[in-house]
Structure formats: C-alpha cells, structure tokens
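As provided, upload28.cif (mmCIF, C-alpha atoms) reads as follows.
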data_my_file
loop_
_atom_site.label_atom_id
_atom_site.label_comp_id
_atom_site.auth_asym_id
_atom_site.auth_seq_id
_atom_site.Cartn_x
_atom_site.Cartn_y
_atom_site.Cartn_z
CA MET A 28 -12.69 98.63 150.47
CA ASN A 29 -9.47 96.70 150.84
CA TRP A 30 -6.84 97.02 148.11
CA GLU A 31 -3.11 96.76 147.70
CA TRP A 32 -0.62 98.57 145.49
CA SER A 33 -0.03 95.30 143.63
CA ASP A 34 -3.69 95.36 142.58
CA ILE A 35 -3.20 98.76 140.96
CA TYR A 36 0.05 97.85 139.20
CA SER A 37 -1.44 94.65 137.80
CA HIS A 38 -4.65 96.30 136.57
CA PRO A 39 -4.91 96.40 132.73
CA LEU A 40 -5.75 100.11 132.80
CA TRP A 41 -2.49 100.84 134.61
CA MET A 42 -0.47 98.93 132.03
CA VAL A 43 -2.25 100.58 129.10
CA SER A 44 -1.85 104.08 130.54
CA THR A 45 1.85 103.43 131.21
CA ALA A 46 2.37 102.27 127.64
CA ILE A 47 0.58 105.35 126.28
CA LEU A 48 2.69 107.63 128.48
CA ALA A 49 5.86 105.94 127.25
CA ILE A 50 4.82 106.44 123.62
CA ILE A 51 4.04 110.11 124.25
CA VAL A 52 7.37 110.70 126.02
CA ARG A 53 9.24 108.90 123.24
CA ALA A 54 7.54 111.08 120.64
CA GLN A 55 8.46 114.22 122.57
CA ARG A 56 12.16 113.32 122.31
CA LYS A 57 12.23 114.70 118.79
CA ALA A 58 15.23 117.01 118.53
CA LEU A 59 14.98 120.70 117.66
CA TRP A 60 17.85 120.20 115.20
CA ASN A 61 18.29 117.23 112.90
CA PRO A 62 21.58 116.55 111.07
CA ARG A 63 19.76 115.28 107.99
CA ALA A 64 18.23 118.75 107.53
CA CYS A 65 21.64 120.42 107.71
CA PRO A 66 23.06 121.11 104.21
CA VAL A 67 26.69 121.62 105.29
CA LYS A 68 29.20 119.64 103.24
CA LEU A 69 32.63 118.52 104.46
CA ASN A 70 34.35 117.76 101.17
CA GLY A 71 38.07 118.38 101.56
CA LYS A 72 37.80 118.30 105.35
CA THR A 73 39.41 115.78 107.70
CA ALA A 74 37.82 114.68 110.96
CA VAL A 75 38.95 112.47 113.83
CA VAL A 76 36.27 110.79 115.94
CA THR A 77 37.35 108.81 119.00
CA GLY A 78 35.28 105.83 120.10
CA ALA A 79 33.88 105.61 116.58
CA ASN A 80 33.34 101.87 116.36
CA THR A 81 30.00 101.88 118.16
CA GLY A 82 27.21 103.99 119.62
CA ILE A 83 27.27 107.77 119.37
CA GLY A 84 30.75 107.85 117.88
CA LYS A 85 29.82 105.61 114.96
CA PHE A 86 26.83 107.77 114.09
CA ILE A 87 28.97 110.91 114.26
CA ALA A 88 31.49 109.34 111.89
CA LEU A 89 28.67 108.16 109.63
CA ASP A 90 27.28 111.69 109.39
CA PHE A 91 30.69 113.17 108.56
CA ALA A 92 31.19 110.50 105.90
CA ARG A 93 27.84 111.35 104.31
CA ARG A 94 28.98 114.96 104.10
CA GLY A 95 32.09 113.94 102.17
CA ALA A 96 34.72 114.24 104.89
CA ARG A 97 37.86 112.16 105.22
CA VAL A 98 37.07 110.44 108.53
CA ILE A 99 39.58 108.78 110.84
CA LEU A 100 37.98 106.30 113.23
CA ALA A 101 40.02 106.30 116.42
CA CYS A 102 39.14 102.98 118.05
CA ARG A 103 40.59 100.73 120.72
CA ASP A 104 39.29 97.45 119.29
CA GLU A 105 40.64 96.64 115.81
CA ALA A 106 37.96 94.06 114.92
CA ARG A 107 35.06 96.30 115.90
CA GLY A 108 36.75 99.30 114.32
CA THR A 109 37.19 97.44 111.04
CA ALA A 110 33.54 96.37 111.08
CA ALA A 111 32.45 100.00 111.64
CA LEU A 112 34.76 101.19 108.85
CA GLN A 113 33.28 98.71 106.36
CA GLU A 114 29.73 99.57 107.41
CA ILE A 115 30.29 103.31 106.99
CA ARG A 116 31.98 102.88 103.62
CA GLU A 117 29.17 100.68 102.33
CA SER A 118 26.43 102.90 103.73
CA THR A 119 27.79 106.20 102.41
CA GLY A 120 29.86 105.24 99.39
CA ASN A 121 32.68 107.31 100.91
CA GLN A 122 35.89 105.28 100.69
CA SER A 123 37.96 107.90 102.52
CA ILE A 124 37.24 106.32 105.90
CA HIS A 125 40.26 105.09 107.83
CA LEU A 126 40.93 103.23 111.06
CA CYS A 127 43.67 104.14 113.51
CA LEU A 128 43.97 102.33 116.82
CA LEU A 129 43.71 104.43 119.98
CA ASP A 130 43.28 103.52 123.63
CA THR A 131 42.73 106.75 125.55
CA SER A 132 43.49 105.01 128.86
CA SER A 133 47.13 104.67 127.75
CA LEU A 134 49.29 107.76 127.30
CA ASP A 135 51.65 105.72 125.17
CA SER A 136 48.79 104.76 122.83
CA VAL A 137 47.68 108.41 122.66
CA ARG A 138 51.20 109.53 121.74
CA LYS A 139 51.53 106.88 119.02
CA PHE A 140 48.14 107.80 117.57
CA ALA A 141 48.94 111.51 117.56
CA ALA A 142 52.35 110.86 115.96
CA ARG A 143 50.67 108.93 113.16
CA ILE A 144 48.13 111.68 112.55
CA LEU A 145 50.84 114.34 112.48
CA GLU A 146 52.86 112.26 110.04
CA GLU A 147 50.04 111.33 107.66
CA GLU A 148 47.62 114.29 107.77
CA LYS A 149 48.33 117.73 106.36
CA GLU A 150 45.20 119.21 107.92
CA LEU A 151 42.68 118.37 110.63
CA HIS A 152 39.44 120.31 110.75
CA ILE A 153 37.28 118.49 113.30
CA LEU A 154 38.28 116.62 116.46
CA VAL A 155 35.52 114.90 118.40
CA ASN A 156 36.62 113.50 121.76
CA ASN A 157 33.80 111.02 122.20
CA ALA A 158 35.49 107.91 123.65
CA GLY A 159 34.62 107.26 127.27
CA ALA A 160 33.68 104.60 129.78
CA SER A 161 31.57 104.21 132.89
CA GLY A 162 31.46 101.53 135.54
CA LEU A 163 35.06 100.38 135.08
CA PRO A 164 36.51 98.39 137.99
CA SER A 165 38.90 100.54 139.98
CA LYS A 166 42.39 100.15 138.58
CA ILE A 167 45.61 102.14 138.26
CA THR A 168 47.10 102.26 134.78
CA ALA A 169 50.76 101.87 133.83
CA ASP A 170 50.93 105.68 133.85
CA GLY A 171 49.84 105.78 137.51
CA LEU A 172 46.37 107.09 136.68
CA GLU A 173 42.95 105.91 137.80
CA ILE A 174 41.62 104.16 134.69
CA THR A 175 38.34 106.07 134.28
CA PHE A 176 40.16 109.38 134.63
CA ALA A 177 42.77 108.23 132.12
CA THR A 178 40.15 107.04 129.62
CA ASN A 179 37.66 109.89 129.90
CA HIS A 180 39.82 112.89 130.57
CA VAL A 181 43.61 112.65 130.64
CA GLY A 182 43.83 110.73 127.36
CA PRO A 183 41.58 113.18 125.48
CA PHE A 184 43.46 116.12 127.02
CA LEU A 185 46.81 114.77 125.84
CA LEU A 186 45.48 113.88 122.39
CA THR A 187 44.08 117.37 121.87
CA SER A 188 47.27 119.00 123.14
CA LEU A 189 49.46 116.96 120.79
CA LEU A 190 47.27 117.84 117.80
CA LEU A 191 46.88 121.54 118.59
CA ASP A 192 49.57 122.81 116.21
CA LEU A 193 48.05 120.85 113.32
CA LEU A 194 44.60 122.09 114.25
CA LYS A 195 45.77 125.71 114.34
CA LYS A 196 47.21 125.31 110.82
CA SER A 197 43.89 123.98 109.49
CA THR A 198 41.46 126.72 110.49
CA PRO A 199 38.56 127.07 110.74
CA VAL A 200 38.54 124.15 113.16
CA ARG A 201 36.14 122.78 115.75
CA ILE A 202 37.00 120.69 118.81
CA VAL A 203 34.02 118.91 120.34
CA ASN A 204 34.24 117.25 123.75
CA VAL A 205 31.42 114.90 124.72
CA SER A 206 30.63 115.38 128.40
CA SER A 207 27.38 114.65 130.27
CA MET A 208 24.74 116.34 132.37
CA ASN A 209 26.16 114.09 135.11
CA HIS A 210 28.99 116.59 135.42
CA TRP A 211 26.63 118.49 137.73
CA ARG A 212 27.10 115.63 140.20
CA GLY A 213 30.87 115.62 139.86
CA GLU A 214 33.46 117.03 142.24
CA VAL A 215 36.92 118.48 141.70
CA ASN A 216 39.61 116.74 143.72
CA PHE A 217 42.95 116.34 142.00
CA ASP A 218 43.76 113.34 144.20
CA HIS A 219 41.10 111.50 142.20
CA PHE A 220 43.44 111.28 139.22
CA ARG A 221 45.41 108.49 140.87
CA GLY A 222 42.45 106.86 142.58
CA HIS A 223 42.66 108.48 146.01
CA ASN A 224 39.53 109.49 147.94
CA LEU A 225 37.24 108.08 145.26
CA ASN A 226 33.79 106.70 145.96
CA ASN A 227 33.22 104.01 143.35
CA VAL A 228 29.47 103.71 143.94
CA MET A 229 27.66 103.59 140.57
CA ASP A 230 28.90 106.34 138.26
CA ALA A 231 30.57 108.70 140.77
CA THR A 232 33.99 108.50 139.13
CA TYR A 233 32.44 108.97 135.70
CA ASN A 234 30.66 112.10 136.97
CA HIS A 235 33.94 113.58 138.20
CA THR A 236 35.63 113.01 134.83
CA LYS A 237 32.75 114.62 132.96
CA LEU A 238 33.06 117.73 135.14
CA HIS A 239 36.77 117.90 134.37
CA ASN A 240 35.88 117.64 130.65
CA VAL A 241 33.81 120.82 130.81
CA ILE A 242 36.31 122.75 132.96
CA TRP A 243 39.15 121.85 130.58
CA THR A 244 37.13 122.68 127.46
CA ASN A 245 36.30 126.15 128.71
CA GLU A 246 39.93 126.92 129.54
CA LEU A 247 41.07 125.45 126.22
CA ALA A 248 38.64 127.75 124.41
CA ARG A 249 40.02 130.74 126.30
CA ARG A 250 43.56 129.85 125.26
CA LEU A 251 42.49 129.40 121.64
CA GLN A 252 40.82 132.79 121.28
CA GLY A 253 41.77 134.43 118.01
CA THR A 254 43.27 131.27 116.48
CA GLY A 255 40.27 130.16 114.43
CA VAL A 256 39.91 127.04 116.56
CA THR A 257 36.79 126.68 118.70
CA ALA A 258 36.18 124.23 121.54
CA ASN A 259 32.86 123.31 123.09
CA SER A 260 31.49 120.58 125.35
CA LEU A 261 28.05 119.03 125.43
CA HIS A 262 25.56 116.61 126.91
CA PRO A 263 24.38 114.07 124.29
CA GLY A 264 21.35 113.00 126.31
CA VAL A 265 20.62 109.83 128.22
CA VAL A 266 21.43 107.41 125.45
CA MET A 267 21.00 103.72 124.83
CA THR A 268 24.60 102.72 124.09
CA ASP A 269 27.00 100.10 125.41
CA VAL A 270 28.52 102.65 127.81
CA MET A 271 26.83 100.52 130.51
CA ARG A 272 28.66 97.36 129.42
CA ASN A 273 30.87 97.39 132.52
CA TYR A 274 27.94 97.22 134.98
CA ASN A 275 26.40 94.01 136.22
CA PHE A 276 23.56 92.29 134.38
CA ILE A 277 20.75 93.57 136.62
CA ILE A 278 21.76 97.23 136.23
CA ARG A 279 22.18 96.80 132.47
CA PHE A 280 18.82 95.06 132.20
CA LEU A 281 16.99 97.81 134.11
CA PHE A 282 18.80 100.52 132.13
CA ASN A 283 17.84 98.93 128.82
CA LEU A 284 14.27 98.25 129.93
CA VAL A 285 13.63 101.83 130.98
CA GLY A 286 15.74 103.15 128.14
CA PHE A 287 13.68 101.43 125.47
CA PHE A 288 10.80 103.77 126.28
CA PHE A 289 12.44 106.90 127.59
CA PHE A 290 16.09 107.19 126.48
CA LYS A 291 17.56 108.36 123.21
CA THR A 292 18.92 106.02 120.59
CA ALA A 293 22.62 106.23 119.76
CA GLU A 294 21.73 108.05 116.55
CA GLU A 295 19.67 110.64 118.47
CA GLY A 296 22.55 110.99 120.92
CA SER A 297 24.85 111.97 118.07
CA PHE A 298 22.78 115.04 117.17
CA SER A 299 24.31 117.51 119.65
CA PRO A 300 27.94 116.50 118.91
CA ILE A 301 27.25 116.80 115.18
CA TYR A 302 25.56 120.15 115.76
CA CYS A 303 28.66 121.49 117.50
CA ALA A 304 30.94 120.06 114.82
CA VAL A 305 29.23 121.14 111.59
CA SER A 306 26.21 123.39 112.01
CA GLU A 307 26.20 126.94 110.73
CA GLU A 308 24.47 127.97 113.95
CA ALA A 309 27.47 126.90 116.05
CA GLU A 310 30.03 128.64 113.86
CA GLY A 311 32.32 130.90 115.90
CA ILE A 312 30.88 129.78 119.25
CA SER A 313 33.55 128.65 121.69
CA GLY A 314 33.90 127.84 125.38
CA LYS A 315 30.23 126.93 125.72
CA TYR A 316 28.24 123.95 126.93
CA PHE A 317 25.37 122.57 124.85
CA ASN A 318 22.43 120.52 126.06
CA SER A 319 21.15 117.40 124.30
CA ASP A 320 18.62 119.49 122.35
CA CYS A 321 21.51 121.56 120.93
CA SER A 322 20.65 124.60 123.05
CA LEU A 323 23.21 126.62 125.00
CA VAL A 324 22.94 126.12 128.75
CA LEU A 325 25.09 126.98 131.75
CA PRO A 326 27.36 124.21 133.04
CA ALA A 327 27.89 123.48 136.74
CA PRO A 328 29.43 126.34 138.81
CA PRO A 329 32.96 124.85 138.97
CA ALA A 330 33.09 124.91 135.17
CA ARG A 331 32.42 128.64 135.28
CA ASP A 332 35.40 129.37 137.54
CA PRO A 333 38.25 130.77 135.39
CA ALA A 334 40.86 130.25 138.11
CA LEU A 335 39.90 126.61 138.44
CA GLY A 336 40.12 126.28 134.66
CA VAL A 337 43.70 127.52 134.69
CA LYS A 338 44.58 125.15 137.54
CA GLU A 339 42.94 122.24 135.73
CA TYR A 340 44.79 122.90 132.49
CA GLU A 341 48.20 123.40 134.08
CA PHE A 342 47.73 120.31 136.24
CA CYS A 343 46.96 118.14 133.20
CA GLU A 344 49.90 119.64 131.31
CA ARG A 345 52.25 118.54 134.09
CA LEU A 346 50.49 115.20 134.34
CA THR A 347 51.05 114.40 130.67
CA ALA A 348 54.53 115.88 130.29
CA LYS A 349 56.91 113.17 129.04
CA PRO A 350 59.41 113.28 131.93
CA TYR A 351 56.59 112.50 134.39
CA ARG A 352 55.74 108.91 133.54
CA ASP A 353 55.25 108.23 137.26
CA CYS A 354 52.26 110.39 138.14
CA SER A 355 52.84 110.04 141.87
CA LYS A 356 55.68 112.54 141.50
CA ILE A 357 53.23 115.33 140.80
CA LEU A 358 50.19 114.03 142.60
CA SER A 359 51.76 113.34 145.97
#
Kindly return the structure encoded in the file as structure tokens.
Amino acid sequence: MNWEWSDIYSHPLWMVSTAILAIIVRAQRKALWNPRACPVKLNGKTAVVTGANTGIGKFIALDFARRGARVILACRDEARGTAALQEIRESTGNQSIHLCLLDTSSLDSVRKFAARILEEEKELHILVNNAGASGLPSKITADGLEITFATNHVGPFLLTSLLLDLLKKSTPVRIVNVSSMNHWRGEVNFDHFRGHNLNNVMDATYNHTKLHNVIWTNELARRLQGTGVTANSLHPGVVMTDVMRNYNFIIRFLFNLVGFFFFKTAEEGSFSPIYCAVSEEAEGISGKYFNSDCSLVLPAPPARDPALGVKEYEFCERLTAKPYRDCSKILS
C-alpha cells in the first residue's frame, strides 16, 4: 500500500484528533491557584507595576485595583497607558489608579520615574518588575548598554535600587521580578551588557537577561534579610502577549497559531506574579523562584551560585552609578 505523510495530515480523522488534543491540553492549563479565589485585600496599600499598559502587566494591575490598592501604572507609551488606566478604573470602580511614564531601557527615564515616586508616595508595598522585551534589533542605548539588557535587567535593577529605602520604610513589602523558564537557556557573560559576544538568533539575548533577573533577585533577597522586604522571581508561563511584537510576521503568526491552542492567555500569565505579590501562601518567602503554576522550583544552576550573585549585584551597582554614564569605562 502506497501512502504519503501528506495523506495522513490531510485525513479528517487526523484533524479531528488534533483538535480534541488541543482542547484537552487547553483544559489542563487550569492553574492550581486562582487570584479570584484569594480573599486578600490591598486597601491602604500602594503598588507599582511596570509594563502595565498591556498583557500580563495590565492584568496584574487590574487585580491589585480590584483589591483596593493604589496602583501606579509604569508605562513607556502614554496613549496606551492612559487607555489601560481608564479601562482599569471603569472595570473596578477604583479611581486610585495613576499613570507615570517609564522607559526601562533609559537610565535617565528610570531615575526620573523613581524621583517622582519618592516625591509623591509616602509608602510603597508592592513592586512588580514586569516590563520586558524580546526580539529587539541589536542596538546600543545612550547609556552604552545593549538595549535588551537595558530594558529587561539594568533598568529594573536601577529602579528597585532607587526605591529600596522607601520600600524598607513600608514593610511588609514584596518585590516581584518576572523572569522566564528561558533563563535555563541563558548564559552569564558580562560583556553582553554592551552587546559584545552576543548571538542574536531568536531569543538568545532575552534568555540571558532572564537569567540575570533570577541571579539578581536571589542576591537582592539575601541582602534584604531581616528588613521585612521579600524578593522573588518567577516564570509566568508561555503566554499569548505582544512580547513577540518585535519578531517578523511569520514568527508571530506561527506563535499565535500554536498559542491559541496551547499557550496561556495574558490573564492566566498574571496568576504567578499575583500569587507572589499578594497570596498568604507566599508571605515571608524570599529569594525563591516560582513556576507558572505557582509552585516553588529550582532555578538554573548559575542562579544558585551565591558568589555569582554577589558579582552580579556589584557589577550592576557600578554600571548604574551616576558618575559612570559611559558604560565602556567599567565594561572594557
């Protein structure tokens, strides 16, 4: 009997079975923890969520608003940020939602944002570093940094550092850093920060930044022991968001096609960050890495190296110190 693979793929039974499998897999994505079942209220609390105008960040901000928090949307795009602000206010009835512009790829923007928060806010109880990008064209920023590293890691590091004193005065406080399971595929090479020795194939640079996120978070948690401030990182899941907007049409089309059946929605992707930020179960836990189902899992080996954590933290401190606007002075 002669047959070809195309005969199998085009057979109605194949298509029906594939559809059934997709439905089953989609149903199995149900999270072990659902924010809507969590009774925690945030009245009197202030939260900052970066990248809150769309995707995971918007759903995190929406959840905090429903709980009664004063929520500051830290967004790069004013028009999209304003639209998100209006949507959240209308949806929740919480009018204490505010927009403050922030571009984490620019150290100057980070400093201005932090200065405004320190001037206007008496307390800050939750900081969610969610903003990030993948697939950006290789570029060196005005600060001498590779743009994906600046956006995903150096900017969030500086923001958190500038807000630390306020956070320590507002305890109990939770810092939540959104990383990715892709950090397992990342490598640590400090030359990467200014674009040297980088392989820009697909999401390689993104993977490196996500590894640095976890390493930094663990060292930050160590330094914050006994202060009442906790810091954790997490994987939100493979999520259907516009994080792929910088890739070409074919890659975006395939991602969205497969994602429709198998990936999480942006709302589902917000579950693990919200869990780390508000759940009673996560209270007091610090320096850990959570999976997309809100369970504790081990991160990649480099993130478990205390010496590397110290090196990472001190390197980023020097990198973001005001006198060093030209990063080549410390990277060369």
Chain and number of each residue from the PyMOL selection byres ((chain A and resi 155) around 12), as an MDAnalysis selection string: chainID A and resid 73:79 83:85 87:88 91 98:101 151:154 156:159 183:184 186:187 200:206 257:261 297 299:305
Quick one: of A:Arg116, A:His219, A:Lys72, A:Arg143, who's nearest to A:Thr232, counting only C-alpha atoms? A:His219
Specify as a PyMOL selection string each residue included when the PyMOL selection byres ((chain A and resi 118-131) around 7) is applied to this file. chain A and resi 92-93+95+97-103+105+108-109+112+114-117+132-134+136-137+140+177-178+182-183
Neighbouring residues of stretch 330-333 of chain A were defined as those with any atom within 6 Å, considering only C-alpha atoms; residues of the same chain fewer than 3 positions away were excluded. Please report them as an mmCIF file with C-alpha atoms, keeping the file's coordinate frame.
data_model
loop_
_atom_site.group_PDB
_atom_site.id
_atom_site.type_symbol
_atom_site.label_atom_id
_atom_site.label_comp_id
_atom_site.auth_asym_id
_atom_site.auth_seq_id
_atom_site.Cartn_x
_atom_site.Cartn_y
_atom_site.Cartn_z
ATOM 1 C CA ILE A 242 36.310 122.750 132.960
ATOM 2 C CA ALA A 327 27.890 123.480 136.740
ATOM 3 C CA GLY A 336 40.120 126.280 134.660
#
Atom CA of A:Leu89 to atom CA of A:Glu294: how many Å, to one decimal?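 A separation of 9.8 Å between them.
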Which residue is closest to A:Asn209? Choose from A:Leu194, A:Val265, A:Val256, A:Leu335 and count only C-alpha atoms.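 Among the listed residues, A:Val265 lies closest to A:Asn209.
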Taking the file above as input, evaluate the PyMOL selection byres ((chain A and resi 236) around 8) and report the hits as a list in words. Thr175, Phe176, Asn179, His180, His210, Gly213, Thr232, Tyr233, Asn234, His235, Lys237, Leu238, His239 and Asn240 of chain A
Please, what distance in Å, to one decimal, runs between atom CA of A:Cys321 and atom CA of A:Trp60?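 Taking atom CA of A:Cys321 and atom CA of A:Trp60, their separation equals 6.9 Å.
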Pick out the closest residue to A:Phe298 from this set: A:Ala96, A:Asn226, A:Leu191, A:His262. Count only C-alpha atoms. A:His262
Tell me, in Å to one decimal, how far atom CA of A:Asp230 is from atom CA of A:Glu341. 26.1 Å
